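Trainee: Below: one structure in structure tokens.
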Amino acid sequence: MSEIKNDFDCATTMRAGRYWMPFTANRYVNTQGNARVLAAAEGAYYTMGDGHRVFDSLSGLWCTPLGHGNPRIAQALYDQATSLDFAPSFQLANPGAVRLAERIANMAPAGLEHVFFANSGSEAVDTALKIAIGFHKLRGEGGRFRLIGRERGYHGVGLGGMSVGGIVPNRKMFATVMVPGVDHIRHPYDHARMAFSKGQPQCGAEMADDLERLVALHDASTIAAVIVEPVQGSTGVLVPPVGYLQRLREICTKHGILLIFDEVITGFGRMGENFAAQRFGVRPDMITFAKAVTNGIVPMGGVIVTPEIYNTFMTGPENAIEFAHGYTYSGHPLAAAVANVVLDIMEEDNLLSRVRALEPVLEEAIHALRDLPHVHDLRNIGLTAAIDLKPRDGKPGARGLEVFEQGVQHGLLLRVTGDTISFGPPFISTPEQLRDMGASLGRIIAALA
């Protein structure tokens with residue numbers, strides 16, 4: 001295939017560093033030119049700037065489960081842009097956002113009924129944290145100011161989300177501006193007992209009791225909320241042990257602490273259910289979402305809360321603003337229009353069932369790599385999986401980078417963080433595509449120096 005022709009020379013502009021890319025080794029990537037340019041996309045594949053196709057093994061960034069170039073989504077976007085392209089959300093509503101809130105509330109676990117829209121996972125998390133603090137203050141428990149996250153957790157890059165997050169490189173530069181009163185429980189991964197697990201590890205539920213340690217240290221009366229990802233995604237698909245999330249729920253309920261599930265990655269089908277809370281049978285007090293709700297086409301995020309939380313804010317004079325928080329683009333008409341069509345497609349094409357059918361295919365494809373050199377661990381659940389590679393002596397991340405580069409050359413766009421490869425393929429993937437992905441990756445790993 002011939003090289004994609006751009007309106008300008010991407011390689012030259014990239015070398016000049018005009019585009020400062022997020023979460024990127026810019027000085028390295030800027031030397032790669034069109035080999036690091038995504039020029040087109042269709043179905044489960046991207047086309048690179050040099051003309052060859054790569055399988056999208058992570059659905060963009062966990063956000064395009066319907067694949068790319070869906071004509072129904074494009075038409076919905078066009079129709080909305082030519083009828084109501086923008087509507088302010090302060091003191092006003094638009095039909096698409098109202099309809100979407102109703103649909104999401106109906107999809108959520110029973111008892112989560114009210115939706116506040118944001119524009120990203122980071123904004124959704126910061127919104128949820130503010131709701132938690134405000135909820136306790138309105139109930140006369142203003143002393144509950146502490147927020148508890150989890151080691152290796154990722155909750156976006158807002159100051160609140162970064163503070164409760166537990167990924168060290170994301171935190172160390174900004175320690176001086178972190179939210180005060182934040183602490184972290186340990187993560188629920190124990191390689192010695194859980195290596196090469198398929199689905200939920202059978203041991204480890206007791207690790208949730210680490211929350212009791214923080215309750216004893218800080219006193220429950222100072223703790224507002226605990227926020228966790230049901231499955232820790234960005235750190236490399238850490239799957240909760242059987243009973244772990246149930247135990248967290250019990251401890252939070254016992255001490256009057258709100259439990260927030262960050263479902264920015266797991267929401268809208270990734271676990272074979274609308275939300276991971278339903279897959280694991282645990283109802284949090286709030287769920288944050290983003291990414292897949294619009295198939296990544298238009299940014300959107302949000303928070304789903306219980307009636308107890310919502311009604312606690314609905315007090316005072318009727319003409320008073322109950323929650324002094326929001327964004328210019330909350331409930332944006334374009335985002336809402338796309339989200340409504342995305343949910344239509346998921347329902348009409350029965351994609352939750354498709355995810356459940358593909359789960360064992362992905363599991364088999366990934367665990368078939370167990371005995372390859374350099375493979376340290378494999379794990380999976382839903383339509384997600386991860387591979388930990390043994391790092392090279394004195395060169396952490398070097399082996400992962402080599403796998404990434406070889407993947408692009410051999411038709412795979414992989415998500416590699418350090419020496420961990422994460423997978424979250426599109427729901428529209430075929431079993432053959434997942435098997436081919438695993439086989440191609442196996443050949444790449446086997447050929448590593």
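If you're wondering about the labels, chains in the structure tokens are A, B, ... by order shown, residues count from 1 in each chain, ligands from 1 in order shown.
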Name the residues of segment 20-132 of chain A that fall into helix (DSSP H, G or I) according to DSSP on the backbone, using the chain letters and numbers of this document, as a VMD selection string.

Mentor: chain A and resid 26 to 29 33 to 36 59 to 62 71 to 81 95 to 107 121 to 132

Trainee: Skip segment 194-197 of chain A itself and residues of its chain fewer than 6 positions away, then list as a list in words all residues within 9 Å of it, counting only C-alpha atoms.

Mentor: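 So the residues in contact are Cys203, Gly204, Val239, Pro241, His367, Arg370, His376, Asp377, Leu378, Arg379 and Asn380 of chain A.
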
Trainee: Could those selected residues go to a file with N, CA, C and O atoms, as an mmCIF file, in the first residue's frame?

Mentor:
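Generated file (selection.cif):
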data_model
loop_
_atom_site.group_PDB
_atom_site.id
_atom_site.type_symbol
_atom_site.label_atom_id
_atom_site.label_comp_id
_atom_site.auth_asym_id
_atom_site.auth_seq_id
_atom_site.Cartn_x
_atom_site.Cartn_y
_atom_site.Cartn_z
ATOM 1 N N CYS A 203 -7.929 -16.452 45.402
ATOM 2 C CA CYS A 203 -7.422 -16.036 46.711
ATOM 3 C C CYS A 203 -7.174 -14.533 46.706
ATOM 4 O O CYS A 203 -7.016 -13.925 45.641
ATOM 5 N N GLY A 204 -7.181 -13.920 47.888
ATOM 6 C CA GLY A 204 -6.817 -12.510 48.001
ATOM 7 C C GLY A 204 -7.906 -11.573 48.449
ATOM 8 O O GLY A 204 -7.677 -10.372 48.572
ATOM 9 N N VAL A 239 -6.936 -7.826 38.141
ATOM 10 C CA VAL A 239 -8.289 -8.359 38.315
ATOM 11 C C VAL A 239 -8.574 -8.554 39.807
ATOM 12 O O VAL A 239 -7.739 -9.112 40.529
ATOM 13 N N PRO A 241 -9.671 -10.187 43.207
ATOM 14 C CA PRO A 241 -9.924 -11.553 43.665
ATOM 15 C C PRO A 241 -11.403 -11.760 43.978
ATOM 16 O O PRO A 241 -12.138 -10.809 44.271
ATOM 17 N N HIS A 367 -3.311 -16.798 26.977
ATOM 18 C CA HIS A 367 -2.673 -17.803 27.841
ATOM 19 C C HIS A 367 -1.881 -18.836 27.045
ATOM 20 O O HIS A 367 -1.062 -19.556 27.630
ATOM 21 N N ARG A 370 1.964 -18.483 27.476
ATOM 22 C CA ARG A 370 2.507 -18.645 28.825
ATOM 23 C C ARG A 370 3.959 -19.134 28.839
ATOM 24 O O ARG A 370 4.774 -18.670 29.638
ATOM 25 N N HIS A 376 6.352 -13.130 32.123
ATOM 26 C CA HIS A 376 6.364 -13.200 33.588
ATOM 27 C C HIS A 376 4.983 -13.495 34.157
ATOM 28 O O HIS A 376 4.842 -14.161 35.172
ATOM 29 N N ASP A 377 3.934 -12.993 33.489
ATOM 30 C CA ASP A 377 2.579 -13.245 33.962
ATOM 31 C C ASP A 377 1.591 -12.951 32.842
ATOM 32 O O ASP A 377 1.862 -12.163 31.924
ATOM 33 N N LEU A 378 0.415 -13.591 32.941
ATOM 34 C CA LEU A 378 -0.713 -13.364 32.042
ATOM 35 C C LEU A 378 -1.967 -13.302 32.902
ATOM 36 O O LEU A 378 -2.091 -14.033 33.883
ATOM 37 N N ARG A 379 -2.921 -12.459 32.529
ATOM 38 C CA ARG A 379 -4.188 -12.390 33.260
ATOM 39 C C ARG A 379 -5.253 -11.804 32.338
ATOM 40 O O ARG A 379 -4.939 -11.086 31.388
ATOM 41 N N ASN A 380 -6.506 -12.099 32.637
ATOM 42 C CA ASN A 380 -7.588 -11.635 31.766
ATOM 43 C C ASN A 380 -8.906 -11.664 32.505
ATOM 44 O O ASN A 380 -9.092 -12.410 33.478
#

Trainee: Give the answer as one residue: which of A:Pro230, A:Gly243, A:Gly69, A:Pro284 has the shortest atom-to-atom distance to Asp209 of chain A, using only C-alpha atoms?

Mentor: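 Answer, going by the shortest atom-to-atom distance: A:Gly243.
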
Trainee: At a cut-off of 6 Å, using only C-alpha atoms, what residues contact segment 131-147 of chain A? Leave out same-chain residues fewer than 3 positions from it and give the result as number ranges by chain.

Mentor: A: 128, 181-182, 221-225

Trainee: Excluding Phe280 of chain A and residues on its chain fewer than 4 positions from it, collect all residues at most 10 Å away from it, counting only C-alpha atoms, and give them as a PyMOL selection string.

Mentor: chain A and resi 200+230+240+242-246+271+273+275-276

Trainee: Residues of the last selection are to be written out with N, CA and C atoms, as a compact mmCIF listing (two decimals), in the first residue's frame.

Mentor:
# COMPACT_ATOMS: atom_id res chain seq x y z
N GLN A 200 -11.07 -14.10 37.69
CA GLN A 200 -10.77 -13.64 39.04
C GLN A 200 -9.90 -14.64 39.79
N PRO A 230 -12.92 -1.18 39.41
CA PRO A 230 -13.25 -2.59 39.64
C PRO A 230 -12.18 -3.53 39.08
N PRO A 240 -9.74 -8.12 40.29
CA PRO A 240 -10.03 -8.27 41.73
C PRO A 240 -10.24 -9.73 42.10
N VAL A 242 -11.85 -12.98 43.93
CA VAL A 242 -13.22 -13.33 44.29
C VAL A 242 -13.50 -12.84 45.72
N GLY A 243 -14.55 -12.05 45.89
CA GLY A 243 -14.95 -11.56 47.20
C GLY A 243 -14.30 -10.26 47.62
N TYR A 244 -13.31 -9.78 46.87
CA TYR A 244 -12.57 -8.57 47.27
C TYR A 244 -13.46 -7.33 47.24
N LEU A 245 -14.16 -7.12 46.13
CA LEU A 245 -14.99 -5.92 46.01
C LEU A 245 -16.18 -5.98 46.99
N GLN A 246 -16.70 -7.18 47.22
CA GLN A 246 -17.76 -7.33 48.21
C GLN A 246 -17.27 -6.91 49.60
N MET A 271 -16.86 -5.64 30.39
CA MET A 271 -16.89 -6.84 31.23
C MET A 271 -18.04 -7.78 30.86
N GLU A 273 -21.11 -6.92 30.74
CA GLU A 273 -22.29 -6.32 31.35
C GLU A 273 -22.23 -4.82 31.11
N PHE A 275 -22.05 -2.49 33.24
CA PHE A 275 -21.00 -1.99 34.12
C PHE A 275 -20.37 -3.16 34.87
N ALA A 276 -19.11 -2.98 35.24
CA ALA A 276 -18.43 -4.03 36.00
C ALA A 276 -19.11 -4.29 37.33

Trainee: May I ask which of the residues A:Phe323, A:Phe174, A:Phe116, A:Phe261 is the closest one to Ile304 of chain A, counting only C-alpha atoms?

Mentor: A:Phe116

Trainee: Output as a VMD selection string all residues of segment 104-262 of chain A that backbone DSSP marks as strand (DSSP E or B).

Mentor: chain A and resid 114 to 118 146 to 150 182 to 185 223 to 228 232 238 258 to 262

Trainee: Mind pulling up the distance from atom CA of Ile185 of chain A to atom CA of Gln278 of chain A?

Mentor: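 So the two atoms, atom CA of Gln278 of chain A and atom CA of Ile185 of chain A, lie 23.2 Å apart.
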
Trainee: Could you jot down the atom CA of Arg270 of chain A to atom CA of Leu383 of chain A separation for me, Å, one decimal place?

Mentor: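 These two atoms are separated by 5.7 Å.
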
Trainee: Neighbouring residues of Val303 of chain A were defined as those with any atom within 7 Å, considering only C-alpha atoms; residues of the same chain fewer than 6 positions away were excluded. Please report them as a ChimeraX atom specification.

Mentor: /A:115-117,124,128,286-289

Trainee: Nearest residue to Pro201 of chain A out of A:Pro396, A:Gly160, A:Gly382, A:Pro188, using only C-alpha atoms?

Mentor: A:Pro188
